[in-house]
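As stored in data02.cif (mmCIF, C-alpha atoms):
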data_coords
#
loop_
_atom_site.label_atom_id
_atom_site.label_comp_id
_atom_site.auth_asym_id
_atom_site.auth_seq_id
_atom_site.Cartn_x
_atom_site.Cartn_y
_atom_site.Cartn_z
CA MET A 19 102.02 -73.71 6.50
CA ALA A 20 99.65 -76.19 4.85
CA LYS A 21 99.99 -77.61 1.36
CA SER A 22 96.82 -75.79 0.34
CA ASP A 23 97.77 -72.35 1.73
CA PRO A 24 97.39 -69.66 -0.93
CA ILE A 25 100.92 -68.27 -0.63
CA ALA A 26 104.36 -69.32 0.59
CA GLY A 27 106.96 -66.80 1.71
CA VAL A 28 106.49 -63.08 2.26
CA SER A 29 104.81 -61.13 -0.52
CA LEU A 30 105.75 -57.55 -1.34
CA TRP A 31 102.11 -56.67 -0.61
CA HIS A 32 101.90 -58.48 2.77
CA GLU A 33 101.49 -55.32 4.90
CA GLU A 34 97.98 -54.89 3.47
CA SER A 35 96.96 -58.35 4.68
CA GLY A 36 93.94 -58.47 7.00
CA ALA A 37 93.26 -54.74 6.77
CA PHE A 38 89.89 -54.85 5.00
CA PRO A 39 86.73 -54.63 7.17
CA SER A 40 84.20 -57.39 6.56
CA GLN A 41 81.26 -58.85 8.47
CA LYS A 42 80.79 -62.21 10.19
CA LEU A 43 78.01 -64.37 8.77
CA THR A 44 75.73 -65.27 11.69
CA ARG A 45 72.42 -66.02 9.96
CA ASP A 46 70.80 -67.06 6.71
CA LEU A 47 70.65 -64.38 4.02
CA ARG A 48 68.73 -63.39 0.91
CA THR A 49 70.39 -61.38 -1.84
CA ASP A 50 69.95 -60.53 -5.48
CA VAL A 51 73.47 -61.58 -6.55
CA LEU A 52 75.92 -63.62 -4.48
CA VAL A 53 79.58 -63.36 -5.49
CA VAL A 54 81.76 -66.16 -4.11
CA GLY A 55 85.32 -64.84 -3.90
CA ALA A 56 86.71 -61.46 -2.79
CA GLY A 57 89.89 -61.28 -4.85
CA ILE A 58 90.30 -59.05 -7.89
CA SER A 59 87.72 -61.02 -9.92
CA GLY A 60 85.08 -60.86 -7.21
CA ALA A 61 85.84 -57.20 -6.55
CA LEU A 62 85.46 -56.17 -10.19
CA VAL A 63 82.26 -58.20 -10.62
CA ALA A 64 80.76 -56.84 -7.40
CA GLU A 65 81.57 -53.25 -8.33
CA ALA A 66 80.21 -53.61 -11.86
CA LEU A 67 76.94 -55.18 -10.69
CA SER A 68 76.42 -52.81 -7.77
CA ALA A 69 77.08 -49.86 -10.11
CA ILE A 70 74.05 -50.86 -12.21
CA GLY A 71 71.84 -51.13 -9.14
CA ARG A 72 71.96 -54.85 -8.35
CA GLY A 73 71.98 -55.90 -4.71
CA VAL A 74 75.26 -57.78 -4.17
CA THR A 75 76.66 -59.93 -1.38
CA VAL A 76 80.29 -61.14 -1.41
CA ILE A 77 81.69 -64.04 0.61
CA ASP A 78 85.23 -65.44 0.78
CA ARG A 79 86.86 -68.26 2.72
CA HIS A 80 89.86 -65.93 3.26
CA HIS A 81 90.01 -62.24 4.10
CA PRO A 82 89.38 -60.08 1.03
CA ALA A 83 92.30 -60.16 -1.45
CA ASP A 84 94.31 -62.47 0.83
CA SER A 85 94.46 -65.48 -1.49
CA SER A 86 95.89 -65.58 -5.02
CA THR A 87 95.49 -61.80 -5.39
CA SER A 88 98.09 -61.28 -2.65
CA ALA A 89 100.52 -63.50 -4.57
CA SER A 90 100.06 -61.60 -7.82
CA THR A 91 102.75 -59.39 -9.30
CA ALA A 92 100.11 -57.31 -11.12
CA LEU A 93 101.62 -56.97 -14.57
CA LEU A 94 98.46 -55.85 -16.31
CA LEU A 95 98.73 -56.68 -19.99
CA PHE A 96 96.31 -56.73 -22.88
CA GLU A 97 98.72 -59.25 -24.42
CA ILE A 98 97.72 -62.74 -23.38
CA ASP A 99 99.99 -65.70 -22.63
CA LYS A 100 99.37 -67.35 -25.99
CA PRO A 101 100.73 -65.15 -28.81
CA LEU A 102 98.16 -64.15 -31.41
CA VAL A 103 99.74 -66.34 -34.08
CA VAL A 104 99.84 -69.35 -31.72
CA LEU A 105 96.27 -68.86 -30.47
CA SER A 106 95.08 -68.54 -34.07
CA GLU A 107 96.38 -72.04 -34.74
CA LYS A 108 94.57 -73.40 -31.69
CA ILE A 109 91.13 -71.77 -31.98
CA GLY A 110 91.10 -70.18 -35.45
CA LYS A 111 92.03 -66.72 -36.69
CA GLU A 112 88.59 -65.15 -36.24
CA LYS A 113 88.18 -66.22 -32.61
CA ALA A 114 91.77 -65.42 -31.71
CA ALA A 115 91.36 -61.91 -33.14
CA ARG A 116 88.20 -61.39 -31.08
CA VAL A 117 89.93 -62.59 -27.90
CA TRP A 118 92.87 -60.24 -28.38
CA ARG A 119 90.64 -57.28 -29.23
CA ARG A 120 88.44 -57.96 -26.20
CA SER A 121 91.51 -58.14 -23.97
CA PHE A 122 92.75 -54.84 -25.40
CA ARG A 123 89.41 -53.12 -24.72
CA ALA A 124 89.32 -54.60 -21.21
CA MET A 125 92.67 -53.04 -20.34
CA GLN A 126 91.45 -49.68 -21.62
CA ALA A 127 88.29 -50.03 -19.52
CA LEU A 128 90.23 -51.10 -16.42
CA THR A 129 92.54 -48.10 -16.66
CA GLU A 130 89.57 -45.78 -17.12
CA LYS A 131 87.81 -47.36 -14.12
CA ILE A 132 90.81 -47.01 -11.81
CA ARG A 133 91.12 -43.34 -12.77
CA ARG A 134 87.39 -42.59 -12.57
CA LEU A 135 86.92 -44.29 -9.20
CA LYS A 136 90.18 -42.78 -7.91
CA ILE A 137 91.47 -46.13 -6.61
CA ASP A 138 94.71 -45.57 -4.67
CA CYS A 139 96.73 -48.59 -5.79
CA ASP A 140 100.00 -47.31 -7.33
CA TYR A 141 98.45 -47.78 -10.78
CA LYS A 142 100.86 -46.69 -13.51
CA GLU A 143 100.26 -46.99 -17.23
CA ARG A 144 103.23 -48.67 -18.90
CA GLU A 145 104.43 -50.03 -22.21
CA SER A 146 105.35 -53.70 -22.40
CA LEU A 147 108.38 -55.28 -24.02
CA LEU A 148 108.10 -58.86 -25.32
CA LEU A 149 111.50 -60.49 -25.82
CA PRO A 150 112.21 -63.45 -28.12
CA GLY A 151 112.15 -66.91 -26.57
CA LYS A 152 111.52 -70.56 -27.34
CA VAL A 153 107.88 -69.95 -28.33
CA LEU A 154 108.67 -67.09 -30.72
CA GLY A 155 112.17 -66.28 -31.92
CA PRO A 156 113.09 -63.03 -33.69
CA SER A 157 111.36 -63.97 -36.96
CA GLY A 158 108.31 -65.20 -35.05
CA LEU A 159 108.13 -61.92 -33.15
CA ARG A 160 108.13 -60.00 -36.42
CA ARG A 161 105.29 -62.12 -37.75
CA GLU A 162 103.41 -61.69 -34.46
CA CYS A 163 103.83 -57.93 -34.64
CA GLU A 164 102.53 -57.82 -38.22
CA THR A 165 99.49 -59.88 -37.21
CA ARG A 166 98.74 -57.57 -34.30
CA ALA A 167 99.15 -54.48 -36.50
CA ALA A 168 96.58 -55.90 -38.92
CA LEU A 169 94.08 -55.84 -36.02
CA GLY A 170 94.97 -52.26 -35.11
CA LEU A 171 96.73 -53.21 -31.87
CA PRO A 172 99.48 -50.78 -30.69
CA SER A 173 102.60 -52.93 -31.16
CA ARG A 174 105.84 -52.27 -33.03
CA ILE A 175 109.25 -53.86 -33.40
CA ALA A 176 112.10 -52.42 -31.32
CA GLU A 177 115.43 -53.26 -32.95
CA ARG A 178 118.71 -54.12 -31.21
CA ASP A 179 120.02 -50.53 -31.13
CA GLU A 180 116.89 -49.26 -29.40
CA LEU A 181 116.91 -52.15 -26.91
CA LYS A 182 120.52 -51.40 -25.96
CA ARG A 183 119.91 -47.65 -25.70
CA GLU A 184 116.62 -47.68 -23.81
CA PHE A 185 116.80 -50.90 -21.76
CA ASN A 186 120.45 -51.99 -21.73
CA ILE A 187 119.20 -55.27 -23.24
CA ASP A 188 121.20 -56.99 -25.99
CA ARG A 189 118.65 -58.89 -28.10
CA PRO A 190 118.04 -58.92 -31.86
CA CYS A 191 114.57 -57.38 -31.51
CA ALA A 192 111.45 -57.25 -29.32
CA ILE A 193 107.81 -56.17 -29.54
CA LEU A 194 107.04 -52.88 -27.80
CA SER A 195 103.35 -52.36 -27.03
CA GLY A 196 101.17 -49.80 -25.30
CA ASN A 197 98.03 -50.11 -23.14
CA SER A 198 99.50 -51.98 -20.18
CA ALA A 199 99.92 -51.07 -16.52
CA GLU A 200 101.31 -52.07 -13.15
CA ALA A 201 99.58 -51.82 -9.77
CA HIS A 202 99.58 -52.87 -6.13
CA PRO A 203 97.19 -55.84 -6.46
CA VAL A 204 95.88 -55.96 -2.89
CA LYS A 205 95.23 -52.21 -2.75
CA MET A 206 93.53 -52.43 -6.14
CA ALA A 207 91.20 -55.28 -5.20
CA ARG A 208 90.31 -53.78 -1.84
CA GLY A 209 89.89 -50.29 -3.29
CA ILE A 210 87.42 -51.65 -5.84
CA LEU A 211 85.64 -53.60 -3.08
CA GLU A 212 85.33 -50.36 -1.11
CA LYS A 213 83.56 -48.77 -4.08
CA ALA A 214 81.25 -51.78 -4.31
CA ALA A 215 80.53 -51.47 -0.58
CA ALA A 216 79.73 -47.79 -1.07
CA ASN A 217 77.16 -48.95 -3.64
CA GLY A 218 75.54 -51.19 -1.03
CA THR A 219 77.49 -54.44 -1.43
CA LYS A 220 77.69 -56.57 1.75
CA ILE A 221 80.98 -58.40 2.34
CA PHE A 222 81.35 -61.40 4.66
CA SER A 223 84.55 -63.29 5.54
CA PRO A 224 85.83 -65.79 6.32
CA VAL A 225 82.89 -67.75 4.88
CA GLU A 226 83.37 -70.95 2.89
CA ALA A 227 80.81 -72.10 0.33
CA LYS A 228 80.28 -75.84 0.80
CA SER A 229 77.48 -76.71 -1.64
CA ILE A 230 75.04 -75.15 -4.07
CA GLU A 231 71.53 -75.94 -5.24
CA ALA A 232 70.08 -74.20 -8.28
CA THR A 233 66.74 -74.14 -10.09
CA GLU A 234 65.37 -71.99 -12.89
CA LYS A 235 64.09 -69.54 -10.24
CA HIS A 236 66.85 -69.20 -7.64
CA ALA A 237 70.06 -70.63 -6.17
CA ILE A 238 70.99 -71.54 -2.60
CA VAL A 239 74.56 -71.69 -1.34
CA THR A 240 75.13 -73.54 1.91
CA THR A 241 78.22 -72.49 3.85
CA LYS A 242 80.56 -74.67 5.87
CA SER A 243 79.00 -73.26 9.04
CA GLY A 244 75.54 -74.35 7.86
CA HIS A 245 74.11 -70.96 6.96
CA ARG A 246 72.15 -70.71 3.72
CA ILE A 247 72.35 -67.82 1.28
CA HIS A 248 69.40 -67.53 -1.13
CA ALA A 249 70.22 -65.62 -4.32
CA ASN A 250 68.65 -64.82 -7.65
CA PHE A 251 72.06 -65.31 -9.24
CA VAL A 252 75.41 -66.69 -8.08
CA VAL A 253 78.79 -65.73 -9.55
CA LEU A 254 81.72 -67.99 -8.64
CA CYS A 255 84.99 -66.00 -8.60
CA CYS A 256 87.14 -68.53 -6.79
CA GLY A 257 90.40 -68.16 -8.67
CA TYR A 258 92.41 -71.36 -8.79
CA GLU A 259 90.62 -72.71 -5.70
CA LEU A 260 87.60 -74.32 -7.36
CA PRO A 261 84.89 -75.38 -4.92
CA LYS A 262 84.28 -79.12 -4.82
CA PHE A 263 80.93 -78.74 -6.58
CA LEU A 264 82.52 -77.02 -9.62
CA VAL A 265 84.37 -79.13 -12.18
CA ALA A 266 86.36 -77.79 -15.14
CA LYS A 267 87.72 -80.59 -17.30
CA SER A 268 91.07 -79.12 -18.30
CA HIS A 269 91.69 -77.12 -15.15
CA LEU A 270 95.31 -77.29 -13.99
CA ILE A 271 96.96 -75.58 -11.05
CA VAL A 272 100.37 -74.08 -11.68
CA SER A 273 102.88 -72.88 -9.10
CA THR A 274 104.75 -69.63 -9.70
CA TRP A 275 107.49 -67.68 -7.92
CA ALA A 276 108.33 -64.01 -7.50
CA ALA A 277 110.88 -61.79 -5.77
CA ALA A 278 111.29 -58.08 -5.17
CA THR A 279 114.52 -56.18 -4.58
CA ARG A 280 115.22 -53.30 -2.27
CA PRO A 281 114.67 -49.91 -3.97
CA GLN A 282 117.33 -49.21 -6.61
CA PRO A 283 115.90 -46.39 -8.76
CA GLU A 284 119.36 -45.53 -10.11
CA ASN A 285 119.49 -48.86 -11.98
CA LEU A 286 116.03 -48.84 -13.61
CA TRP A 287 115.36 -48.48 -17.32
CA ARG A 288 113.93 -45.09 -18.30
CA SER A 289 110.46 -46.12 -19.47
CA ARG A 290 109.95 -48.73 -16.73
CA ALA A 291 108.17 -50.85 -19.35
CA LEU A 292 106.93 -54.28 -18.29
CA ILE A 293 109.32 -56.92 -19.66
CA TRP A 294 108.50 -60.54 -20.46
CA GLU A 295 109.50 -63.37 -22.79
CA ALA A 296 107.88 -65.29 -25.65
CA ALA A 297 108.69 -68.50 -23.79
CA ASP A 298 106.83 -71.19 -21.83
CA PRO A 299 107.34 -70.88 -18.94
CA TYR A 300 108.50 -67.29 -19.13
CA ILE A 301 109.94 -64.77 -16.70
CA TYR A 302 108.67 -61.23 -16.37
CA ILE A 303 110.07 -58.07 -14.84
CA ARG A 304 108.47 -54.86 -13.60
CA THR A 305 109.27 -51.96 -11.30
CA THR A 306 107.38 -50.38 -8.41
CA VAL A 307 106.67 -46.76 -7.54
CA ASP A 308 109.45 -46.81 -4.91
CA GLY A 309 112.05 -48.11 -7.35
CA ARG A 310 112.09 -51.85 -6.69
CA VAL A 311 112.53 -54.52 -9.34
CA VAL A 312 110.01 -57.38 -9.26
CA ILE A 313 110.74 -60.56 -11.19
CA GLY A 314 108.50 -63.59 -11.46
CA GLY A 315 107.80 -66.81 -13.33
CA GLU A 316 109.67 -70.13 -13.43
CA ASP A 317 106.28 -71.88 -13.25
CA GLU A 318 105.77 -75.56 -12.40
CA SER A 319 102.66 -77.74 -12.75
CA HIS A 320 101.71 -78.59 -9.17
CA ASN A 321 99.88 -77.13 -6.16
CA ASP A 322 101.97 -77.99 -3.13
CA ASN A 323 102.86 -75.03 -0.95
CA GLU A 324 105.49 -76.91 1.05
CA ARG A 325 107.19 -77.87 -2.20
CA ARG A 326 106.92 -74.27 -3.40
CA ALA A 327 108.62 -73.01 -0.25
CA LYS A 328 111.47 -75.53 -0.58
CA ARG A 329 111.99 -74.58 -4.23
CA THR A 330 112.19 -70.83 -3.57
CA PRO A 331 116.01 -70.60 -3.09
CA ALA A 332 116.57 -72.43 -6.38
CA LYS A 333 114.11 -70.14 -8.15
CA ILE A 334 115.84 -67.06 -6.76
CA ALA A 335 119.12 -68.40 -8.13
CA ARG A 336 117.49 -68.91 -11.54
CA PHE A 337 116.14 -65.35 -11.49
CA ARG A 338 119.62 -64.09 -10.61
CA SER A 339 121.32 -65.90 -13.48
CA LYS A 340 118.71 -64.70 -15.98
CA LEU A 341 118.89 -61.10 -14.80
CA LYS A 342 122.69 -61.09 -15.04
CA LEU A 343 122.42 -62.11 -18.68
CA LEU A 344 119.50 -59.85 -19.52
CA MET A 345 119.96 -56.67 -17.45
CA PRO A 346 123.34 -56.80 -15.67
CA GLN A 347 122.86 -53.35 -14.09
CA ILE A 348 120.10 -54.71 -11.78
CA ARG A 349 121.35 -55.66 -8.31
CA PHE A 350 119.95 -59.06 -7.34
CA GLU A 351 122.35 -60.63 -4.87
CA ASP A 352 120.95 -62.20 -1.69
CA GLU A 353 121.31 -58.94 0.24
CA ASP A 354 119.37 -57.10 -2.49
CA VAL A 355 116.29 -59.38 -2.42
CA GLU A 356 113.90 -58.13 0.26
CA PHE A 357 110.80 -60.20 -0.55
CA ALA A 358 110.38 -63.68 -2.04
CA TRP A 359 107.14 -65.59 -2.37
CA SER A 360 105.25 -68.14 -4.41
CA GLY A 361 101.62 -68.90 -5.14
CA ALA A 362 99.33 -70.70 -7.54
CA PHE A 363 97.05 -69.90 -10.44
CA GLY A 364 94.73 -71.82 -12.74
CA ALA A 365 95.79 -72.83 -16.21
CA SER A 366 94.25 -74.30 -19.35
CA GLU A 367 95.56 -75.51 -22.70
CA THR A 368 94.65 -72.28 -24.49
CA GLY A 369 95.44 -69.96 -21.57
CA LEU A 370 91.95 -68.47 -21.96
CA PRO A 371 89.50 -68.01 -19.09
CA VAL A 372 86.15 -69.68 -18.59
CA ILE A 373 83.38 -67.11 -18.12
CA GLY A 374 79.79 -68.24 -18.34
CA ASN A 375 76.91 -70.35 -17.12
CA VAL A 376 77.87 -73.50 -15.21
CA PRO A 377 76.39 -76.59 -16.93
CA GLY A 378 73.64 -78.14 -14.83
CA LEU A 379 73.38 -75.16 -12.48
CA PRO A 380 70.84 -72.60 -13.70
CA ARG A 381 71.41 -69.03 -12.45
CA VAL A 382 75.04 -69.83 -11.62
CA CYS A 383 78.00 -68.57 -13.62
CA ALA A 384 81.71 -68.90 -13.01
CA VAL A 385 84.80 -66.82 -13.66
CA LEU A 386 87.89 -68.99 -14.01
CA GLY A 387 90.76 -66.67 -14.91
CA PHE A 388 93.29 -69.07 -16.36
CA GLY A 389 96.83 -68.04 -17.30
CA GLY A 390 98.81 -64.96 -16.40
CA ASN A 391 96.13 -62.42 -17.33
CA GLY A 392 93.84 -62.89 -14.35
CA THR A 393 93.14 -59.20 -13.77
CA THR A 394 92.47 -58.46 -17.44
CA TYR A 395 90.16 -61.49 -17.66
CA ALA A 396 88.43 -60.35 -14.46
CA GLN A 397 87.63 -57.05 -16.14
CA VAL A 398 86.26 -58.93 -19.17
CA ALA A 399 84.13 -61.05 -16.84
CA SER A 400 82.74 -58.04 -14.99
CA GLU A 401 81.68 -56.50 -18.31
CA MET A 402 80.09 -59.69 -19.61
CA ILE A 403 78.17 -60.48 -16.44
CA ALA A 404 76.96 -56.89 -16.02
CA ASN A 405 75.75 -56.90 -19.63
CA ALA A 406 73.94 -60.22 -19.16
CA LEU A 407 72.16 -59.15 -15.96
CA ASN A 408 71.36 -55.73 -17.43
CA GLY A 409 69.73 -57.21 -20.52
CA LYS A 410 72.45 -55.98 -22.90
CA ALA A 411 73.80 -57.96 -25.82
CA GLU A 412 77.12 -59.70 -25.14
CA PRO A 413 78.84 -60.72 -28.40
CA ASP A 414 81.72 -62.73 -26.90
CA LEU A 415 79.90 -65.33 -24.81
CA ASP A 416 81.04 -68.10 -27.14
CA LEU A 417 84.72 -67.26 -26.68
CA PHE A 418 84.86 -68.14 -22.99
CA ALA A 419 81.93 -70.53 -22.36
CA PHE A 420 82.30 -73.84 -20.49
CA GLY A 421 83.44 -76.49 -22.91
CA GLU A 422 85.55 -74.04 -24.89
CA ASN A 423 88.52 -73.44 -22.58
CA ASP A 424 87.89 -75.69 -19.58
#

Could you express the structure from this file as structure tokens?
Amino acid sequence: MAKSDPIAGVSLWHEESGAFPSQKLTRDLRTDVLVVGAGISGALVAEALSAIGRGVTVIDRHHPADSSTSASTALLLFEIDKPLVVLSEKIGKEKAARVWRRSFRAMQALTEKIRRLKIDCDYKERESLLLPGKVLGPSGLRRECETRAALGLPSRIAERDELKREFNIDRPCAILSGNSAEAHPVKMARGILEKAAANGTKIFSPVEAKSIEATEKHAIVTTKSGHRIHANFVVLCCGYELPKFLVAKSHLIVSTWAAATRPQPENLWRSRALIWEAADPYIYIRTTVDGRVVIGGEDESHNDNERRAKRTPAKIARFRSKLKLLMPQIRFEDEDVEFAWSGAFGASETGLPVIGNVPGLPRVCAVLGFGGNGTTYAQVASEMIANALNGKAEPDLDLFAFGEND
């Protein structure tokens, strides 16, 4: 295991690893659009562009969906890491409202896409439950809920009696919201890639992009093996692993941990809502279709896989102590934990992604999905890039451009 490996431990989704068919790159290529990265961001962008008739090629230094996507726990929320009231203080009320509304629409669109394309990925629509924490206490949650309601977002306060009855959670209050989901992240990314391939997308792996040249007319990516890929446009969907030629000023890499229990359907809460905290860092809890409990979080600001692996037992102990206080009916002793893993993701001060043209590189754009909403941001990116290349107006370019959140 190297320090830069994308995941430490054994992920719940590991059985899907290496199963996706891709081609070996043995010659120079020409393509309309080159997508660098075959995780969930690259998959959604490739599918969206191929669906409007663009010729797409995808490359990845790993096998498709084997990097940060395989470490994901796939809590798919329209709610972003920074509460609406907190984000409003950072970037202004008008921009914060637009970000939250765009995230809400993206989750609606993602759910519709998974259904329409019939992606087999254990996708289940869920409510989400946001518990009070150090970022927002009970009064802060009430103010947050009122601010969301003013934007027409589907959130309401659940009081202590309801929390005890429905979740066996003893807290003063929480925010209960709709329009969220859970999924199997590797199956989702690869299922979407399969639809892109059916539209004509070519997928090559493992292929590492080493350098890029760009003019007003075209871009050329040179791979580590020396092959050159000529493209009309390049979309960088590299997750937290930024290529050396791409610099984002405020880009941080954060380590995160997760664990999954053996199936215990008899102990689950009735709605199976996604549960998380208004804290930083926060923990989050979800279920799976076969009745497991998945818990994650306990983030740290570093990117050292050996350190992540050594810290896993301590993180499991932290998860155990928090679950005993929060949901004592969940079994989480050592013999109950079947999978434990850790990975990395990109972060920024605002928690917002960077989606847009790369300064100094014409015809090159990047998707940097910072924070815990990578899949939701990937859907936003796929919409924005498809609109741009299809000549449609895109009103939210200013929200995510380089220099705003990087």

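Applying the 12 Å criterion to (100.1, -46.1, -10.1) in file coordinates and using all atoms listed in the file, one obtains the residues Ala92, Leu93, Leu94, Thr129, Ile132, Arg133, Lys136, Ile137, Asp138, Cys139, Asp140, Tyr141, Lys142, Glu143, Arg144, Ser198, Ala199, Glu200, Ala201, His202, Pro203, Lys205, Met206, Thr305, Thr306, Val307 and Asp308 of chain A.
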
Review point. Do you know which residues are at most 9 Å from A:Asp99 counting all atoms listed in the file, after dropping those on the same chain fewer than 6 positions away, and could you put them as a list in words?
Key: Ala296, Asp298, Thr368, Gly369, Leu370, Gly389, Gly390 and Asn391 of chain A

Mind dumping the selected residues with C-alpha atoms as an mmCIF file, in the coordinates of the input?
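Result written to result_39.cif:
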data_model
loop_
_atom_site.group_PDB
_atom_site.id
_atom_site.type_symbol
_atom_site.label_atom_id
_atom_site.label_comp_id
_atom_site.auth_asym_id
_atom_site.auth_seq_id
_atom_site.Cartn_x
_atom_site.Cartn_y
_atom_site.Cartn_z
ATOM 1 C CA ALA A 296 107.880 -65.290 -25.650
ATOM 2 C CA ASP A 298 106.830 -71.190 -21.830
ATOM 3 C CA THR A 368 94.650 -72.280 -24.490
ATOM 4 C CA GLY A 369 95.440 -69.960 -21.570
ATOM 5 C CA LEU A 370 91.950 -68.470 -21.960
ATOM 6 C CA GLY A 389 96.830 -68.040 -17.300
ATOM 7 C CA GLY A 390 98.810 -64.960 -16.400
ATOM 8 C CA ASN A 391 96.130 -62.420 -17.330
#

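Among the candidates A:Trp275, A:Trp118, A:Trp287, A:Phe251, the residue lying nearest to A:Phe185 is A:Trp287 (atoms considered: all atoms listed in the file).
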
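Comparing A:Leu171, A:Ala276, A:Leu379, A:Val53 by their smallest distance to A:Arg338, the closest is A:Ala276 (using all atoms listed in the file).
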
Practice item. Name the residues captured by the PyMOL selection byres ((chain A and resi 193) around 9) when it is applied to the shown file; answer as a VMD selection string. Key: chain A and resid 146 to 150 159 to 160 162 to 163 173 to 177 191 to 192 194 to 195

**Study point:** Ground truth for the PyMOL selection byres ((chain A and resi 184) around 12), written as a VMD selection string
**Key:** chain A and resid 147 176 to 183 185 to 188 194 286 to 291 345

Determine, using all atoms listed in the file, which residues of stretch 308-398 of chain A have any atom at most 10 Å from an atom of stretch 61-84 of chain A, and tabulate each with its shortest atom pair and distance in Å to one decimal place, rows ordered by chain and then rising number, as a tab-separated table.
residue	atom	partner	partner_atom	distance
A:Val385	CA	A:Val63	CA	9.5
A:Thr393	CA	A:Leu62	CA	9.0
A:Ala396	CA	A:Leu62	CA	6.7
A:Gln397	CA	A:Leu62	CA	6.4
A:Val398	CA	A:Leu62	CA	9.4

Evaluate the PyMOL selection byres ((chain A and resi 411-415) around 12) against this structure - the residues, as a PDB file with C-alpha atoms, in the coordinates of the input, please.
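And here's expr_35.pdb as it stands now:
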ATOM      1  CA  GLU A 112      88.590 -65.150 -36.240  1.00  0.00           C
ATOM      2  CA  LYS A 113      88.180 -66.220 -32.610  1.00  0.00           C
ATOM      3  CA  ALA A 114      91.770 -65.420 -31.710  1.00  0.00           C
ATOM      4  CA  ALA A 115      91.360 -61.910 -33.140  1.00  0.00           C
ATOM      5  CA  ARG A 116      88.200 -61.390 -31.080  1.00  0.00           C
ATOM      6  CA  VAL A 117      89.930 -62.590 -27.900  1.00  0.00           C
ATOM      7  CA  TRP A 118      92.870 -60.240 -28.380  1.00  0.00           C
ATOM      8  CA  ARG A 119      90.640 -57.280 -29.230  1.00  0.00           C
ATOM      9  CA  ARG A 120      88.440 -57.960 -26.200  1.00  0.00           C
ATOM     10  CA  SER A 121      91.510 -58.140 -23.970  1.00  0.00           C
ATOM     11  CA  PRO A 371      89.500 -68.010 -19.090  1.00  0.00           C
ATOM     12  CA  VAL A 372      86.150 -69.680 -18.590  1.00  0.00           C
ATOM     13  CA  ILE A 373      83.380 -67.110 -18.120  1.00  0.00           C
ATOM     14  CA  GLY A 374      79.790 -68.240 -18.340  1.00  0.00           C
ATOM     15  CA  ASN A 375      76.910 -70.350 -17.120  1.00  0.00           C
ATOM     16  CA  CYS A 383      78.000 -68.570 -13.620  1.00  0.00           C
ATOM     17  CA  VAL A 398      86.260 -58.930 -19.170  1.00  0.00           C
ATOM     18  CA  ALA A 399      84.130 -61.050 -16.840  1.00  0.00           C
ATOM     19  CA  SER A 400      82.740 -58.040 -14.990  1.00  0.00           C
ATOM     20  CA  GLU A 401      81.680 -56.500 -18.310  1.00  0.00           C
ATOM     21  CA  MET A 402      80.090 -59.690 -19.610  1.00  0.00           C
ATOM     22  CA  ILE A 403      78.170 -60.480 -16.440  1.00  0.00           C
ATOM     23  CA  ALA A 404      76.960 -56.890 -16.020  1.00  0.00           C
ATOM     24  CA  ASN A 405      75.750 -56.900 -19.630  1.00  0.00           C
ATOM     25  CA  ALA A 406      73.940 -60.220 -19.160  1.00  0.00           C
ATOM     26  CA  LEU A 407      72.160 -59.150 -15.960  1.00  0.00           C
ATOM     27  CA  ASN A 408      71.360 -55.730 -17.430  1.00  0.00           C
ATOM     28  CA  GLY A 409      69.730 -57.210 -20.520  1.00  0.00           C
ATOM     29  CA  LYS A 410      72.450 -55.980 -22.900  1.00  0.00           C
ATOM     30  CA  ASP A 416      81.040 -68.100 -27.140  1.00  0.00           C
ATOM     31  CA  LEU A 417      84.720 -67.260 -26.680  1.00  0.00           C
ATOM     32  CA  PHE A 418      84.860 -68.140 -22.990  1.00  0.00           C
ATOM     33  CA  ALA A 419      81.930 -70.530 -22.360  1.00  0.00           C
ATOM     34  CA  PHE A 420      82.300 -73.840 -20.490  1.00  0.00           C
ATOM     35  CA  GLY A 421      83.440 -76.490 -22.910  1.00  0.00           C
ATOM     36  CA  GLU A 422      85.550 -74.040 -24.890  1.00  0.00           C
TER      37      GLU A 422
END

**Study point:** Distance of atom CA of A:Ala237 from atom CA of A:Val382, expressed in Å to one decimal place
**Key:** 7.4 Å

Exercise for review: Can you work out the spacing between atom CA of A:Ser86 and atom CA of A:Ala216 in Å, to one decimal?
Suggested key: 24.4 Å
